[in-house]
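Next up, work34.txt (compact mmCIF, C-alpha atoms):
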# COMPACT_ATOMS: atom_id res chain seq x y z
CA MET A 1 22.27 -4.51 -46.89
CA ILE A 2 20.23 -4.12 -43.70
CA ASN A 3 20.68 -0.81 -41.86
CA ILE A 4 20.62 -1.31 -38.10
CA ALA A 5 20.22 1.07 -35.19
CA PHE A 6 20.99 0.12 -31.60
CA VAL A 7 19.18 1.52 -28.58
CA GLY A 8 21.76 0.94 -25.87
CA PHE A 9 25.56 0.72 -26.04
CA GLY A 10 26.49 -1.15 -22.89
CA LYS A 11 28.12 -4.49 -22.18
CA SER A 12 25.50 -6.59 -23.94
CA THR A 13 25.62 -4.60 -27.18
CA ASN A 14 29.41 -4.73 -27.29
CA ARG A 15 29.76 -8.35 -26.18
CA TYR A 16 26.84 -10.28 -27.67
CA HIS A 17 25.89 -8.27 -30.76
CA LEU A 18 28.62 -6.20 -32.40
CA PRO A 19 31.40 -8.85 -32.46
CA TYR A 20 29.13 -11.14 -34.48
CA LEU A 21 27.97 -8.37 -36.79
CA LYS A 22 31.59 -7.62 -37.68
CA LEU A 23 31.67 -10.99 -39.44
CA ARG A 24 28.50 -10.10 -41.35
CA GLN A 25 29.37 -6.69 -42.76
CA ASP A 26 28.27 -7.83 -46.20
CA LYS A 27 24.69 -8.02 -44.92
CA PHE A 28 24.43 -5.58 -41.99
CA ARG A 29 25.51 -2.00 -41.41
CA VAL A 30 25.22 -0.26 -38.02
CA THR A 31 24.17 3.26 -38.98
CA ARG A 32 22.93 4.66 -35.64
CA VAL A 33 23.44 4.15 -31.92
CA VAL A 34 21.39 5.88 -29.24
CA THR A 35 22.83 5.77 -25.75
CA PRO A 36 22.16 7.92 -22.67
CA THR A 37 25.89 8.47 -22.10
CA LEU A 38 28.15 9.36 -25.02
CA GLY A 39 31.83 8.52 -24.65
CA LYS A 40 31.35 5.92 -21.93
CA ARG A 41 33.03 3.36 -24.21
CA PRO A 42 35.32 5.68 -26.19
CA THR A 43 37.30 3.00 -28.06
CA GLU A 44 34.25 1.09 -29.24
CA GLN A 45 32.40 4.31 -30.09
CA ALA A 46 35.32 5.68 -32.10
CA GLU A 47 35.67 2.43 -34.03
CA LEU A 48 32.04 2.58 -35.14
CA GLN A 49 32.14 6.29 -35.89
CA GLU A 50 35.07 5.69 -38.23
CA THR A 51 32.76 3.50 -40.34
CA GLY A 52 30.02 6.15 -40.40
CA THR A 53 27.85 5.20 -37.42
CA ILE A 54 26.07 8.21 -35.93
CA PHE A 55 25.85 8.39 -32.12
CA SER A 56 23.28 10.43 -30.20
CA THR A 57 21.29 10.47 -26.97
CA ASP A 58 17.80 10.96 -28.43
CA ILE A 59 15.71 7.97 -29.51
CA GLY A 60 13.81 10.41 -31.67
CA ASP A 61 16.77 10.27 -34.05
CA ILE A 62 15.91 6.63 -34.69
CA VAL A 63 12.16 7.20 -34.83
CA THR A 64 12.53 9.77 -37.61
CA ASP A 65 15.20 7.92 -39.62
CA ASP A 66 13.41 6.29 -42.58
CA SER A 67 16.58 4.58 -43.79
CA LEU A 68 16.57 2.04 -40.96
CA ASP A 69 15.55 -1.56 -41.61
CA LEU A 70 15.91 -2.87 -38.05
CA VAL A 71 16.24 -1.48 -34.54
CA VAL A 72 17.87 -3.59 -31.83
CA VAL A 73 16.79 -2.79 -28.27
CA VAL A 74 19.50 -3.57 -25.70
CA THR A 75 18.36 -1.53 -22.70
CA PRO A 76 17.57 -2.48 -19.07
CA SER A 77 14.83 -5.10 -18.91
CA GLN A 78 12.16 -2.88 -17.38
CA SER A 79 12.32 -0.54 -20.40
CA HIS A 80 11.99 -3.23 -23.10
CA TYR A 81 8.21 -3.02 -23.43
CA GLN A 82 7.96 0.76 -23.59
CA VAL A 83 10.91 1.26 -25.95
CA THR A 84 9.73 -1.53 -28.25
CA LYS A 85 6.17 -0.17 -28.30
CA GLN A 86 7.44 3.31 -29.22
CA LEU A 87 9.50 1.89 -32.07
CA LEU A 88 6.69 -0.30 -33.41
CA GLN A 89 4.33 2.67 -33.33
CA ALA A 90 6.91 4.51 -35.43
CA GLY A 91 6.87 1.72 -38.01
CA LYS A 92 10.21 0.11 -37.11
CA ASN A 93 11.16 -3.56 -37.21
CA VAL A 94 12.43 -4.54 -33.75
CA LEU A 95 14.77 -7.17 -32.32
CA VAL A 96 14.50 -6.78 -28.54
CA ASP A 97 16.70 -8.29 -25.86
CA LYS A 98 15.08 -10.80 -23.53
CA PRO A 99 12.74 -10.69 -21.73
CA MET A 100 10.68 -8.78 -24.28
CA ALA A 101 8.18 -7.55 -21.67
CA ALA A 102 7.23 -7.78 -18.01
CA SER A 103 3.97 -9.70 -18.55
CA VAL A 104 2.10 -11.77 -21.10
CA GLU A 105 -0.37 -8.89 -21.53
CA GLU A 106 2.44 -6.54 -22.55
CA ALA A 107 3.87 -9.17 -24.92
CA GLU A 108 0.47 -9.75 -26.53
CA GLU A 109 0.09 -6.02 -27.07
CA LEU A 110 3.47 -5.82 -28.80
CA VAL A 111 2.77 -8.84 -31.01
CA LYS A 112 -0.62 -7.41 -31.98
CA LEU A 113 0.93 -4.04 -32.79
CA ALA A 114 3.60 -5.64 -34.96
CA THR A 115 1.12 -7.90 -36.75
CA GLU A 116 -1.34 -5.09 -37.49
CA ASN A 117 1.42 -2.98 -39.01
CA ASN A 118 3.20 -5.84 -40.84
CA LEU A 119 6.38 -5.33 -38.81
CA PHE A 120 9.10 -7.70 -37.65
CA LEU A 121 9.21 -8.29 -33.89
CA MET A 122 11.32 -10.92 -32.16
CA PRO A 123 13.17 -11.39 -28.86
CA PHE A 124 16.94 -11.87 -29.02
CA GLN A 125 16.97 -15.53 -27.98
CA SER A 126 20.63 -16.05 -28.83
CA ARG A 127 20.88 -19.18 -26.70
CA ARG A 128 19.03 -21.05 -29.43
CA PHE A 129 22.60 -21.17 -30.77
CA ASP A 130 24.40 -22.38 -27.65
CA SER A 131 26.68 -25.29 -28.45
CA ASP A 132 25.23 -27.43 -25.67
CA PHE A 133 21.63 -26.79 -26.79
CA LEU A 134 22.44 -27.55 -30.43
CA THR A 135 24.04 -30.81 -29.30
CA VAL A 136 20.95 -31.76 -27.30
CA LYS A 137 18.82 -31.03 -30.38
CA GLN A 138 21.08 -33.35 -32.39
CA VAL A 139 20.72 -36.13 -29.81
CA ILE A 140 16.92 -35.81 -29.92
CA ALA A 141 16.79 -35.63 -33.73
CA ASN A 142 18.91 -38.77 -34.09
CA GLY A 143 16.59 -40.74 -31.80
CA TYR A 144 19.38 -42.22 -29.69
CA LEU A 145 17.33 -42.18 -26.50
CA GLY A 146 14.02 -43.60 -27.71
CA ARG A 147 10.87 -42.04 -26.25
CA LEU A 148 11.94 -39.16 -24.03
CA THR A 149 10.92 -39.25 -20.37
CA ASP A 150 12.89 -36.55 -18.54
CA LEU A 151 14.94 -33.47 -19.35
CA GLU A 152 16.80 -31.30 -16.84
CA VAL A 153 18.55 -28.09 -17.79
CA HIS A 154 20.44 -25.87 -15.36
CA MET A 155 21.94 -22.41 -15.39
CA ASP A 156 23.89 -22.35 -12.13
CA HIS A 157 26.46 -19.95 -10.69
CA TYR A 158 28.10 -19.13 -7.38
CA ARG A 159 27.31 -15.46 -6.85
CA PRO A 160 26.35 -15.10 -3.18
CA LEU A 161 26.83 -11.34 -3.08
CA ASP A 162 26.06 -10.40 -6.67
CA GLY A 163 22.87 -9.13 -8.30
CA GLN A 164 19.79 -7.26 -7.17
CA LEU A 165 18.07 -8.11 -3.91
CA GLU A 166 14.94 -6.06 -4.53
CA GLY A 167 13.03 -5.02 -7.62
CA ALA A 168 10.20 -5.97 -9.92
CA ALA A 169 9.60 -9.56 -11.04
CA ILE A 170 11.34 -8.86 -14.35
CA ASP A 171 14.59 -8.32 -12.38
CA GLY A 172 14.54 -11.82 -10.86
CA SER A 173 16.12 -15.08 -12.00
CA LEU A 174 12.98 -16.45 -13.68
CA PHE A 175 12.83 -13.54 -16.13
CA GLY A 176 16.62 -13.12 -16.29
CA HIS A 177 17.94 -16.70 -16.61
CA GLY A 178 14.79 -18.79 -16.83
CA VAL A 179 13.64 -17.01 -19.98
CA HIS A 180 16.53 -18.61 -21.92
CA LEU A 181 15.87 -22.12 -20.66
CA ILE A 182 12.10 -21.90 -21.04
CA ASP A 183 12.52 -20.69 -24.61
CA GLN A 184 14.85 -23.58 -25.38
CA VAL A 185 12.40 -26.14 -24.00
CA VAL A 186 9.37 -24.57 -25.69
CA SER A 187 11.25 -24.43 -28.99
CA LEU A 188 11.76 -28.20 -28.73
CA PHE A 189 8.43 -29.37 -27.31
CA GLY A 190 5.92 -26.54 -27.59
CA SER A 191 3.45 -25.47 -24.92
CA PRO A 192 3.23 -27.77 -21.86
CA GLN A 193 0.04 -29.10 -20.33
CA ALA A 194 0.98 -27.74 -16.91
CA ALA A 195 3.78 -25.96 -15.09
CA VAL A 196 4.79 -26.28 -11.44
CA TYR A 197 6.82 -23.43 -9.93
CA ASP A 198 9.17 -23.09 -6.97
CA LEU A 199 10.71 -19.60 -6.86
CA ARG A 200 12.77 -18.55 -3.84
CA ALA A 201 15.08 -15.84 -2.56
CA THR A 202 17.96 -17.80 -1.00
CA ARG A 203 20.96 -15.45 -0.83
CA VAL A 204 19.32 -12.98 1.54
CA LEU A 205 16.19 -14.17 3.34
CA GLU A 206 14.73 -10.67 3.57
CA SER A 207 14.83 -10.27 -0.22
CA HIS A 208 11.64 -10.50 -2.24
CA LEU A 209 13.38 -11.08 -5.58
CA ASP A 210 13.79 -14.70 -6.70
CA ASP A 211 17.37 -15.91 -7.17
CA GLN A 212 16.68 -19.64 -7.26
CA ILE A 213 14.03 -21.18 -9.49
CA GLU A 214 12.69 -24.59 -10.37
CA VAL A 215 10.02 -24.96 -13.03
CA ASN A 216 8.62 -28.36 -13.98
CA LEU A 217 6.90 -28.49 -17.38
CA PHE A 218 4.61 -31.46 -17.98
CA TYR A 219 3.97 -32.79 -21.49
CA PRO A 220 2.02 -35.70 -23.02
CA GLU A 221 3.40 -39.26 -23.02
CA ALA A 222 4.75 -38.95 -19.46
CA PHE A 223 7.47 -36.47 -20.43
CA LYS A 224 8.67 -33.79 -17.99
CA ALA A 225 11.18 -30.97 -18.47
CA THR A 226 12.80 -29.40 -15.40
CA ILE A 227 14.35 -25.93 -15.52
CA GLN A 228 16.52 -24.85 -12.60
CA THR A 229 18.83 -21.97 -11.77
CA THR A 230 20.66 -21.01 -8.60
CA GLU A 231 23.26 -18.47 -7.54
CA LEU A 232 24.63 -20.72 -4.75
CA ALA A 233 26.16 -23.66 -6.63
CA THR A 234 29.75 -24.23 -5.48
CA VAL A 235 29.90 -27.66 -7.14
CA GLN A 236 29.13 -28.07 -10.81
CA TYR A 237 25.88 -29.83 -11.69
CA PRO A 238 25.24 -31.14 -15.22
CA LYS A 239 24.00 -28.42 -17.56
CA TRP A 240 21.85 -31.00 -19.35
CA GLN A 241 20.45 -34.39 -18.41
CA LEU A 242 18.20 -36.06 -20.97
CA ARG A 243 16.72 -39.51 -20.41
CA GLY A 244 14.62 -41.78 -22.56
CA THR A 245 13.47 -45.37 -22.83
CA GLN A 246 16.71 -46.39 -24.58
CA GLY A 247 19.42 -44.18 -23.14
CA THR A 248 20.77 -41.11 -21.37
CA PHE A 249 22.70 -38.02 -22.43
CA ILE A 250 24.55 -35.87 -19.89
CA LYS A 251 26.58 -32.74 -20.53
CA TYR A 252 28.23 -30.85 -17.69
CA THR A 253 29.68 -27.74 -19.29
CA VAL A 254 28.08 -24.71 -20.89
CA ASP A 255 28.69 -23.15 -24.27
CA GLU A 256 32.16 -21.56 -24.42
CA GLN A 257 31.23 -18.45 -26.42
CA GLU A 258 30.49 -16.30 -23.38
CA ASN A 259 33.70 -17.34 -21.61
CA ASP A 260 35.74 -16.54 -24.72
CA LEU A 261 34.04 -13.17 -25.20
CA LYS A 262 34.75 -12.23 -21.57
CA THR A 263 38.45 -12.90 -22.09
CA GLY A 264 38.61 -10.91 -25.32
CA ILE A 265 38.62 -13.84 -27.73
CA MET A 266 36.36 -12.77 -30.57
CA PRO A 267 34.22 -14.62 -33.12
CA GLY A 268 36.33 -15.58 -36.10
CA SER A 269 39.32 -16.48 -33.93
CA PRO A 270 40.59 -20.06 -34.23
CA ARG A 271 38.49 -22.43 -32.10
CA PHE A 272 36.35 -19.59 -30.76
CA GLY A 273 33.55 -21.11 -28.68
CA SER A 274 34.75 -24.66 -29.28
CA ASP A 275 34.44 -27.39 -26.68
CA ALA A 276 37.52 -29.29 -25.57
CA PRO A 277 37.14 -33.09 -25.93
CA GLN A 278 37.02 -33.54 -22.14
CA ASN A 279 33.88 -31.38 -22.11
CA PHE A 280 31.93 -33.39 -24.68
CA GLY A 281 28.59 -34.78 -23.58
CA HIS A 282 28.33 -38.40 -22.41
CA LEU A 283 25.90 -40.53 -24.43
CA VAL A 284 24.88 -44.04 -23.35
CA TYR A 285 22.16 -45.88 -25.25
CA TYR A 286 21.03 -49.26 -26.54
CA ASN A 287 20.82 -49.61 -30.30
CA GLN A 288 18.38 -51.72 -32.34
CA SER A 289 20.55 -54.80 -31.80
CA SER A 290 20.39 -54.25 -28.01
CA ASP A 291 24.10 -53.36 -27.96
CA ARG A 292 25.10 -50.90 -25.26
CA ILE A 293 26.81 -47.89 -26.86
CA ASP A 294 28.86 -45.70 -24.54
CA LYS A 295 30.62 -42.69 -26.09
CA TYR A 296 31.39 -39.01 -25.78
CA LEU A 297 29.60 -36.99 -28.44
CA PRO A 298 31.50 -34.08 -30.06
CA SER A 299 29.69 -30.80 -29.44
CA VAL A 300 27.94 -28.98 -32.25
CA GLN A 301 29.59 -25.59 -32.84
CA GLY A 302 27.63 -22.69 -31.36
CA ASP A 303 27.34 -19.23 -32.93
CA TYR A 304 25.18 -16.45 -31.47
CA GLY A 305 25.57 -14.55 -34.72
CA ARG A 306 23.28 -17.03 -36.42
CA ILE A 307 20.32 -15.22 -34.90
CA TYR A 308 21.20 -12.32 -37.20
CA ASP A 309 21.39 -14.73 -40.12
CA THR A 310 17.80 -15.77 -39.37
CA VAL A 311 16.72 -12.12 -39.12
CA TYR A 312 18.25 -11.45 -42.52
CA GLU A 313 16.44 -14.43 -44.03
CA THR A 314 13.14 -13.20 -42.63
CA LEU A 315 13.49 -9.54 -43.61
CA VAL A 316 15.09 -10.10 -47.03
CA ASN A 317 13.85 -13.50 -48.16
CA GLY A 318 10.56 -13.79 -46.29
CA LYS A 319 11.49 -16.89 -44.27
CA PRO A 320 9.58 -17.62 -41.02
CA LYS A 321 10.98 -16.02 -37.86
CA LEU A 322 13.30 -18.05 -35.66
CA VAL A 323 11.03 -17.32 -32.68
CA SER A 324 7.39 -17.46 -33.74
CA ASP A 325 4.71 -15.23 -32.26
CA GLU A 326 3.14 -18.33 -30.69
CA THR A 327 6.40 -19.24 -28.98
CA MET A 328 6.91 -15.66 -27.75
CA ILE A 329 3.49 -15.70 -26.09
CA THR A 330 3.93 -19.20 -24.64
CA VAL A 331 7.26 -18.20 -23.06
CA MET A 332 5.72 -15.03 -21.62
CA LYS A 333 2.74 -17.02 -20.26
CA LEU A 334 5.16 -19.31 -18.46
CA LEU A 335 7.15 -16.38 -17.06
CA SER A 336 4.05 -14.48 -15.98
CA GLY A 337 2.55 -17.62 -14.46
CA GLY A 338 5.58 -18.06 -12.26
CA VAL A 339 5.16 -14.70 -10.54
CA GLN A 340 1.36 -14.44 -10.42
CA THR A 341 1.42 -15.72 -6.85
CA THR A 342 4.02 -16.41 -4.17
CA GLY A 343 5.06 -19.83 -2.98
CA PRO A 344 4.97 -23.13 -4.87
CA HIS A 345 2.03 -23.32 -7.28
CA ILE A 346 0.67 -24.97 -10.42
CA LEU A 347 -0.39 -23.38 -13.71
CA LYS A 348 -2.46 -25.44 -16.15
CA PHE A 349 -2.55 -24.71 -19.88
Take the structure in the file and write it out as structure tokens.
Amino acid sequence: MINIAFVGFGKSTNRYHLPYLKLRQDKFRVTRVVTPTLGKRPTEQAELQETGTIFSTDIGDIVTDDSLDLVVVVTPSQSHYQVTKQLLQAGKNVLVDKPMAASVEEAEELVKLATENNLFLMPFQSRRFDSDFLTVKQVIANGYLGRLTDLEVHMDHYRPLDGQLEGAAIDGSLFGHGVHLIDQVVSLFGSPQAAVYDLRATRVLESHLDDQIEVNLFYPEAFKATIQTTELATVQYPKWQLRGTQGTFIKYTVDEQENDLKTGIMPGSPRFGSDAPQNFGHLVYYNQSSDRIDKYLPSVQGDYGRIYDTVYETLVNGKPKLVSDETMITVMKLLSGGVQTTGPHILKF
């Protein structure tokens, strides 16, 4: 049984963490929660307190609790580095929400601190278990498309009046949305040879905080991955487009877990997070007999809770981390490189 403490008890903790842990009570127990405002979510707080979870406002209660096996940091992004550093210095294993830091230098410091003290440190890259991403991985693994040439992945919304207009780089779309997509691409293909950035503020021209991003990652064998997000998409664009020498895979819709969670449908419910057949990805390829195969590929089931399964395997059974230290640093290099200068620019690796 792994004893967990949460730093933060807001929307993210209650939407993307606790519902999945409820299905894993044979392996995880939430023993502490530190939050700046007690009673802000009275129903959720009372439910946990009934099972023995202790709530407080002082992170020192976590620092001095030797019974804890893991601390999960779900605080505002700008505090991730400092809170994680404090916990690592106190000898705690840490799972920290993305982005793990505001710069590659901060990330390297955290990784070094964890390594030197033989501690677990990993960002909460739950979108490794998006249904659409798992389906793309399946398409690649099965070799339907031959040698890959192009990948495009989008995270688009229509939010013209939503979100921050000013702030630090960590508050922009590259660090907020791009971190997910960059991690997905790096997990598949590793570090690129070069990255080309186009970051813009489009909703309000006077803003200095990016809300639209395009990052092109260049790899060997003429392969390019394009990452794009916008807050001004009124017409749906494909979430994924993957092309190769023998075929194409296109999927329009995103993983359904978040939509279900927002409407109160919880993990464990029938068809939670499942794609409807009309939302399956479209696969067209030529097989070894040069036959054209045109079909809709059933989506692989997503499950954000699987990130906790991987944490358990690492802490209890010594398995490698889902997100390696090398990948953490590569992702942070790509994020930092995007904001090191203004305007379109190139970063070579």
(message) Here is a test: counting all atoms listed in the file, which residue of A:Gln246, A:Thr53, A:Glu166, A:Tyr237 is nearest to Tyr286 in chain A?
(response) A:Gln246
(request) Between A:Lys321, A:Val284, A:Glu214, A:Pro160, single out the one closest to Gly343 in chain A, counting only C-alpha atoms. (result)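 Closest to Gly343 in chain A of all the choices is A:Glu214.
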(request) Rank nothing, just name the residue among A:Ile265, A:Val111, A:Val339, A:Leu95 nearest to Ile213 in chain A, using all atoms listed in the file. (result) A:Val339
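As for CA of Glu105 in chain A and CA of Asp198 in chain A, they are spaced 22.5 Å apart.
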(request) Would you mind reading off the distance between CA of Pro298 in chain A and CA of Asn279 in chain A, one decimal, in Å? (result) 8.7 Å
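Proximity ranking of A:Ile307, A:Leu68, A:Val30, A:Val254 relative to Glu50 in chain A places A:Val30 first, based on only C-alpha atoms.
Put simply, CA of Asp61 in chain A is 9.3 Å away from CA of Val33 in chain A.
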(message) Measuring between only C-alpha atoms, which one of A:Ser290, A:Thr37, A:Thr327, A:Thr314 shows the shortest distance to Leu119 in chain A?
(response)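 Of all the options, A:Thr314 lies closest to Leu119 in chain A.
Compared by their closest atoms to Ser56 in chain A, and using only C-alpha atoms, the residues A:Arg32, A:Arg41, A:His157, A:Lys85 rank with A:Arg32 nearest.
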Long-range neighbours of Glu109 in chain A as a compact mmCIF listing (two decimals) with C-alpha atoms, in the coordinates of the input, 12 Å cut-off, only C-alpha atoms, 4 positions minimum in chain:
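around-v7.txt was written with the following content:
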# COMPACT_ATOMS: atom_id res chain seq x y z
CA TYR A 81 8.21 -3.02 -23.43
CA GLN A 82 7.96 0.76 -23.59
CA THR A 84 9.73 -1.53 -28.25
CA LYS A 85 6.17 -0.17 -28.30
CA LEU A 88 6.69 -0.30 -33.41
CA GLN A 89 4.33 2.67 -33.33
CA MET A 100 10.68 -8.78 -24.28
CA ALA A 101 8.18 -7.55 -21.67
CA ALA A 102 7.23 -7.78 -18.01
CA SER A 103 3.97 -9.70 -18.55
CA VAL A 104 2.10 -11.77 -21.10
CA GLU A 105 -0.37 -8.89 -21.53
CA LEU A 113 0.93 -4.04 -32.79
CA ALA A 114 3.60 -5.64 -34.96
CA THR A 115 1.12 -7.90 -36.75
CA GLU A 116 -1.34 -5.09 -37.49
CA LEU A 121 9.21 -8.29 -33.89
CA ASP A 325 4.71 -15.23 -32.26
CA MET A 328 6.91 -15.66 -27.75
CA ILE A 329 3.49 -15.70 -26.09
CA MET A 332 5.72 -15.03 -21.62
(message) Report as an NGL selection string all protein, DNA and RNA residues lying within 12 Å of Gly337 in chain A, evaluated on all atoms listed in the file, omitting residues in the same chain fewer than 2 positions from it.
(response) :A and (102-105 or 169 or 174-175 or 194-199 or 215 or 329-335 or 339-349)
(message) Residues near Phe6 in chain A, anyone? I mean within 12 Å using only C-alpha atoms, not counting same-chain ones fewer than 5 positions away, as an MDAnalysis selection string.
(response) chainID A and resid 12:14 17:18 29:36 48 53:59 61:63 68:75 83:84 87 93:97
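With only C-alpha atoms taken into account, every residue lying no more than 7 Å from the file point (29.6, -30.6, -20.9) is included here: Lys239, Lys251, Tyr252, Thr253, Val254, Asn279, Phe280 and Gly281 of chain A.
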Please produce an output containing C-alpha atoms for each residue in the selection, written as an mmCIF file, in the frame of the given file.
data_model
loop_
_atom_site.group_PDB
_atom_site.id
_atom_site.type_symbol
_atom_site.label_atom_id
_atom_site.label_comp_id
_atom_site.auth_asym_id
_atom_site.auth_seq_id
_atom_site.Cartn_x
_atom_site.Cartn_y
_atom_site.Cartn_z
ATOM 1 C CA LYS A 239 24.000 -28.420 -17.560
ATOM 2 C CA LYS A 251 26.580 -32.740 -20.530
ATOM 3 C CA TYR A 252 28.230 -30.850 -17.690
ATOM 4 C CA THR A 253 29.680 -27.740 -19.290
ATOM 5 C CA VAL A 254 28.080 -24.710 -20.890
ATOM 6 C CA ASN A 279 33.880 -31.380 -22.110
ATOM 7 C CA PHE A 280 31.930 -33.390 -24.680
ATOM 8 C CA GLY A 281 28.590 -34.780 -23.580
#
Kindly complete range 115-135 of chain A to N, CA and C atoms; the output should be written as a CSV table (one decimal), keeping the file's coordinate frame.
chain,number,residue,atom,x,y,z
A,115,THR,N,1.9,-7.2,-35.7
A,115,THR,CA,1.1,-7.9,-36.8
A,115,THR,C,0.2,-6.9,-37.5
A,116,GLU,N,-0.4,-6.0,-36.8
A,116,GLU,CA,-1.3,-5.1,-37.5
A,116,GLU,C,-0.6,-4.2,-38.5
A,117,ASN,N,0.7,-3.9,-38.2
A,117,ASN,CA,1.4,-3.0,-39.0
A,117,ASN,C,2.4,-3.7,-39.9
A,118,ASN,N,2.3,-5.0,-40.0
A,118,ASN,CA,3.2,-5.8,-40.8
A,118,ASN,C,4.7,-5.6,-40.5
A,119,LEU,N,5.0,-5.6,-39.2
A,119,LEU,CA,6.4,-5.3,-38.8
A,119,LEU,C,7.0,-6.6,-38.2
A,120,PHE,N,8.3,-6.6,-38.3
A,120,PHE,CA,9.1,-7.7,-37.6
A,120,PHE,C,9.3,-7.4,-36.2
A,121,LEU,N,9.0,-8.4,-35.3
A,121,LEU,CA,9.2,-8.3,-33.9
A,121,LEU,C,9.7,-9.7,-33.4
A,122,MET,N,10.8,-9.7,-32.7
A,122,MET,CA,11.3,-10.9,-32.2
A,122,MET,C,12.2,-10.7,-31.0
A,123,PRO,N,12.2,-11.5,-30.0
A,123,PRO,CA,13.2,-11.4,-28.9
A,123,PRO,C,14.5,-12.0,-29.3
A,124,PHE,N,15.6,-11.5,-28.7
A,124,PHE,CA,16.9,-11.9,-29.0
A,124,PHE,C,17.3,-13.1,-28.2
A,125,GLN,N,16.7,-14.3,-28.7
A,125,GLN,CA,17.0,-15.5,-28.0
A,125,GLN,C,18.2,-16.2,-28.6
A,126,SER,N,19.4,-15.6,-28.3
A,126,SER,CA,20.6,-16.0,-28.8
A,126,SER,C,21.0,-17.4,-28.4
A,127,ARG,N,20.5,-17.9,-27.2
A,127,ARG,CA,20.9,-19.2,-26.7
A,127,ARG,C,20.2,-20.3,-27.5
A,128,ARG,N,19.4,-20.0,-28.5
A,128,ARG,CA,19.0,-21.0,-29.4
A,128,ARG,C,20.3,-21.6,-30.2
A,129,PHE,N,21.4,-20.8,-30.1
A,129,PHE,CA,22.6,-21.2,-30.8
A,129,PHE,C,23.7,-21.4,-29.8
A,130,ASP,N,23.4,-21.8,-28.6
A,130,ASP,CA,24.4,-22.4,-27.6
A,130,ASP,C,24.9,-23.7,-28.2
A,131,SER,N,26.1,-24.0,-28.0
A,131,SER,CA,26.7,-25.3,-28.4
A,131,SER,C,26.0,-26.5,-27.7
A,132,ASP,N,25.8,-26.3,-26.4
A,132,ASP,CA,25.2,-27.4,-25.7
A,132,ASP,C,23.8,-27.7,-26.1
A,133,PHE,N,23.0,-26.6,-26.4
A,133,PHE,CA,21.6,-26.8,-26.8
A,133,PHE,C,21.6,-27.4,-28.2
A,134,LEU,N,22.4,-27.0,-29.1
A,134,LEU,CA,22.4,-27.6,-30.4
A,134,LEU,C,22.8,-29.0,-30.4
A,135,THR,N,23.7,-29.4,-29.4
A,135,THR,CA,24.0,-30.8,-29.3
A,135,THR,C,22.9,-31.6,-28.8
